[in-house]
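Only one structure is covered here, and it is reproduced in the block below.
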Amino acid sequence: MANAPDGILVGRHRDLTGRQWHPWVRRGLLALVGLILLLALFDLFGQSPSTTKAQASVATLEVNAPSAVRGGLLFQARFTIHAHSELKDATLVLNRAWLDGFTVNTIEPSPVGEGSRNGSLTLDLGHLPAGAKHVLFMDFQVNPTTISDRTLRVELDDDDQPLLTVSRTLRVFP
């Protein structure tokens, strides 16, 4: 039998003398990674949408979006307005949390106009007659470096007069 190379101790390096527990550490870490993947598979880390609603005599505003997302993934938010009475100039105002760390891929149908109000995004939807239903879709992508809990607010205005506000929490996982 040949001698072991210089610096190699057969008992320590091959037979793991004094280190019998080391393989279990590696197996445990691998099992932890597998557990995280399994939990993600069962959607523990988000993307299931939920609906938040605000109602007043003039209109109803529903926001359907996930309450948790992961970095790098795409998600959609749906804003539904039911006008109970005429809205002369309906405007959605999305606070800055809707945009920080996200890329807006598309807004459909395109609003009549877009703007900024004190750092918030304004989407001018135009005239909505009484009984009208307007559905707006926004598709986002989470920037991979974004990790946070944030409060998303959407306000429905008519001629710069606030009518309804919907607030919801969004958790962004790495």
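In the structure tokens, each chain is lettered A, B, ... as it comes, each chain's residues begin at 1, and ligands are numbered from 1 in order of appearance.
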Quiz item: Where in chain A does DSSP assign helix (DSSP H, G or I), given as a list in words?
Solution: Val10, Gly11, Arg12, His13, Arg14, His22, Pro23, Trp24, Val25, Arg26, Arg27, Gly28, Leu29, Leu30, Ala31, Leu32, Val33, Gly34, Leu35, Ile36, Leu37, Leu38, Leu39, Ala40, Leu41, Arg96, Ala97 and Trp98 of chain A
I need the chosen residues saved as a short mmCIF file (atom, residue, chain, number, x, y, z; two decimals), in the first residue's frame, with N, CA and C atoms.
data_model
loop_
_atom_site.label_atom_id
_atom_site.label_comp_id
_atom_site.auth_asym_id
_atom_site.auth_seq_id
_atom_site.Cartn_x
_atom_site.Cartn_y
_atom_site.Cartn_z
N VAL A 10 -4.61 10.18 7.03
CA VAL A 10 -5.63 9.22 6.64
C VAL A 10 -6.78 9.17 7.65
N GLY A 11 -6.48 9.17 8.90
CA GLY A 11 -7.52 9.09 9.93
C GLY A 11 -8.44 10.30 9.91
N ARG A 12 -7.84 11.48 9.73
CA ARG A 12 -8.65 12.71 9.74
C ARG A 12 -9.38 12.93 8.42
N HIS A 13 -8.66 12.80 7.31
CA HIS A 13 -9.24 13.17 6.03
C HIS A 13 -10.07 12.07 5.37
N ARG A 14 -9.72 10.81 5.53
CA ARG A 14 -10.50 9.74 4.91
C ARG A 14 -11.50 9.14 5.89
N HIS A 22 -19.77 16.10 10.85
CA HIS A 22 -19.71 17.06 9.75
C HIS A 22 -20.63 16.71 8.58
N PRO A 23 -20.70 15.46 8.14
CA PRO A 23 -21.64 15.17 7.04
C PRO A 23 -23.08 15.51 7.38
N TRP A 24 -23.46 15.39 8.67
CA TRP A 24 -24.82 15.71 9.07
C TRP A 24 -25.10 17.21 8.97
N VAL A 25 -24.09 18.03 9.19
CA VAL A 25 -24.26 19.48 9.01
C VAL A 25 -24.55 19.77 7.54
N ARG A 26 -23.76 19.17 6.65
CA ARG A 26 -23.99 19.38 5.22
C ARG A 26 -25.37 18.87 4.81
N ARG A 27 -25.76 17.72 5.30
CA ARG A 27 -27.09 17.18 4.96
C ARG A 27 -28.21 18.08 5.50
N GLY A 28 -28.01 18.61 6.70
CA GLY A 28 -29.01 19.51 7.29
C GLY A 28 -29.15 20.79 6.49
N LEU A 29 -28.04 21.36 6.05
CA LEU A 29 -28.11 22.58 5.24
C LEU A 29 -28.79 22.31 3.90
N LEU A 30 -28.48 21.18 3.31
CA LEU A 30 -29.13 20.80 2.05
C LEU A 30 -30.64 20.59 2.27
N ALA A 31 -31.01 19.97 3.38
CA ALA A 31 -32.43 19.77 3.70
C ALA A 31 -33.13 21.11 3.91
N LEU A 32 -32.43 22.09 4.51
CA LEU A 32 -33.01 23.41 4.72
C LEU A 32 -33.31 24.09 3.38
N VAL A 33 -32.39 24.00 2.43
CA VAL A 33 -32.63 24.55 1.10
C VAL A 33 -33.83 23.84 0.46
N GLY A 34 -33.89 22.53 0.59
CA GLY A 34 -35.02 21.77 0.05
C GLY A 34 -36.35 22.17 0.69
N LEU A 35 -36.33 22.44 2.01
CA LEU A 35 -37.54 22.86 2.71
C LEU A 35 -38.03 24.21 2.19
N ILE A 36 -37.11 25.15 1.98
CA ILE A 36 -37.49 26.46 1.45
C ILE A 36 -38.12 26.30 0.07
N LEU A 37 -37.54 25.46 -0.77
CA LEU A 37 -38.10 25.21 -2.10
C LEU A 37 -39.48 24.56 -2.01
N LEU A 38 -39.65 23.64 -1.08
CA LEU A 38 -40.94 22.97 -0.90
C LEU A 38 -42.01 23.97 -0.44
N LEU A 39 -41.65 24.84 0.50
CA LEU A 39 -42.61 25.85 0.97
C LEU A 39 -42.98 26.81 -0.16
N ALA A 40 -42.01 27.18 -0.99
CA ALA A 40 -42.29 28.04 -2.14
C ALA A 40 -43.21 27.33 -3.12
N LEU A 41 -43.02 26.03 -3.29
CA LEU A 41 -43.87 25.25 -4.19
C LEU A 41 -45.32 25.27 -3.73
N ARG A 96 -46.25 56.18 -3.96
CA ARG A 96 -44.91 55.87 -4.44
C ARG A 96 -44.52 54.41 -4.22
N ALA A 97 -45.10 53.76 -3.22
CA ALA A 97 -44.76 52.36 -2.91
C ALA A 97 -45.12 51.42 -4.05
N TRP A 98 -46.05 51.81 -4.93
CA TRP A 98 -46.40 50.99 -6.09
C TRP A 98 -45.26 50.98 -7.12
#
Quiz item: Which residues in segment 127-165 of chain A does DSSP call strand (DSSP E or B)? List them as an MDAnalysis selection string.
Solution: chainID A and resid 127:128 133:142 148:158 161:165
Save out the residues we just selected, C-alpha atoms, as a tab-separated table (two decimals), in the first residue's frame.
chain	number	residue	atom	x	y	z
A	127	HIS	CA	-65.49	60.42	-17.71
A	128	LEU	CA	-67.34	57.48	-16.15
A	133	LYS	CA	-67.58	49.67	-14.70
A	134	HIS	CA	-63.94	50.43	-15.52
A	135	VAL	CA	-61.22	47.78	-15.14
A	136	LEU	CA	-57.54	48.76	-15.32
A	137	PHE	CA	-54.70	46.21	-15.35
A	138	MET	CA	-51.11	46.96	-14.39
A	139	ASP	CA	-48.30	44.45	-14.83
A	140	PHE	CA	-45.20	44.81	-12.68
A	141	GLN	CA	-41.84	43.11	-12.29
A	142	VAL	CA	-40.12	43.10	-8.91
A	148	SER	CA	-39.38	45.14	2.04
A	149	ASP	CA	-42.80	45.36	3.59
A	150	ARG	CA	-44.73	48.28	2.19
A	151	THR	CA	-48.15	49.88	2.34
A	152	LEU	CA	-49.74	50.33	-1.08
A	153	ARG	CA	-52.41	53.02	-1.31
A	154	VAL	CA	-54.78	53.73	-4.18
A	155	GLU	CA	-57.04	56.74	-4.15
A	156	LEU	CA	-59.97	57.36	-6.48
A	157	ASP	CA	-60.50	61.04	-7.21
A	158	ASP	CA	-63.04	63.00	-9.22
A	161	GLN	CA	-61.62	65.57	-4.99
A	162	PRO	CA	-60.69	62.33	-3.11
A	163	LEU	CA	-63.59	59.85	-3.05
A	164	LEU	CA	-62.16	56.51	-1.86
A	165	THR	CA	-58.88	55.10	-0.61
Quiz item: Could you work out how far atom CA of Ser110 of chain A lies from atom CA of Gln47 of chain A, giving the answer in Å with one decimal?
Solution: 24.2 Å
Which residues of segment 55-154 of chain A sit at most 6 Å from segment 171-174 of chain A, using only C-alpha atoms? Give each one's shortest atom pair and distance in Å (one decimal place), in chain and ascending residue order, as CSV.
residue,atom,partner,partner_atom,distance
A:Ala68,CA,A:Arg171,CA,4.5
A:Val69,CA,A:Val172,CA,5.0
A:Arg70,CA,A:Phe173,CA,4.6
A:Gly71,CA,A:Pro174,CA,5.1
A:Ile147,CA,A:Val172,CA,5.1
A:Ser148,CA,A:Val172,CA,5.2
A:Asp149,CA,A:Arg171,CA,4.4
Output of the above residues as a compact mmCIF listing (two decimals), in the first residue's frame, restricted to N, CA and C atoms:
# COMPACT_ATOMS: atom_id res chain seq x y z
N ALA A 68 -47.98 39.17 -1.31
CA ALA A 68 -46.56 38.84 -1.18
C ALA A 68 -46.03 38.44 -2.55
N VAL A 69 -44.83 38.91 -2.86
CA VAL A 69 -44.18 38.58 -4.13
C VAL A 69 -42.70 38.30 -3.85
N ARG A 70 -42.04 37.72 -4.84
CA ARG A 70 -40.62 37.41 -4.74
C ARG A 70 -39.85 38.24 -5.75
N GLY A 71 -38.62 38.57 -5.42
CA GLY A 71 -37.77 39.36 -6.30
C GLY A 71 -37.61 38.72 -7.66
N ILE A 147 -36.36 44.24 -1.28
CA ILE A 147 -36.83 43.42 -0.16
C ILE A 147 -37.46 44.37 0.84
N SER A 148 -38.75 44.21 1.11
CA SER A 148 -39.38 45.14 2.04
C SER A 148 -40.82 44.73 2.32
N ASP A 149 -41.36 45.35 3.35
CA ASP A 149 -42.80 45.36 3.59
C ASP A 149 -43.23 46.78 3.30
Exercise. Measuring atom to atom with only C-alpha atoms, identify which of A:Glu86, A:Phe102, A:Asn3, A:Thr51 is nearest to Gly72 of chain A.
Key: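 Answer, going by the shortest atom-to-atom distance: A:Phe102.
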Quiz item: By how many Å are atom CA of Ala59 of chain A and atom CA of Ile107 of chain A apart?
Solution: 21.6 Å
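In terms of minimum interatomic distance to Ala132 of chain A, A:Leu87 ranks closest within A:Ala77, A:Ala54, A:Trp21, A:Leu87, counting only C-alpha atoms.
Distances to Thr60 of chain A were evaluated for A:Thr122, A:Ser48, A:Ser85, A:Asn143 using only C-alpha atoms, and the minimum falls at A:Ser85.
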Quiz prompt | Gap from atom CA of Phe42 of chain A to atom CA of Pro144 of chain A - Å, one decimal | solution =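 Interatomic distance here is 21.4 Å.
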Practice problem: Go through A:Thr145, A:Thr80, A:Gln20, A:Asn118 one by one, measure the shortest atom-to-atom distance of each to Thr52 of chain A using only C-alpha atoms, and give the residue with the smallest value. | Solution: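 Of A:Thr145, A:Thr80, A:Gln20, A:Asn118, the one nearest Thr52 of chain A, counting only C-alpha atoms, is A:Thr80.
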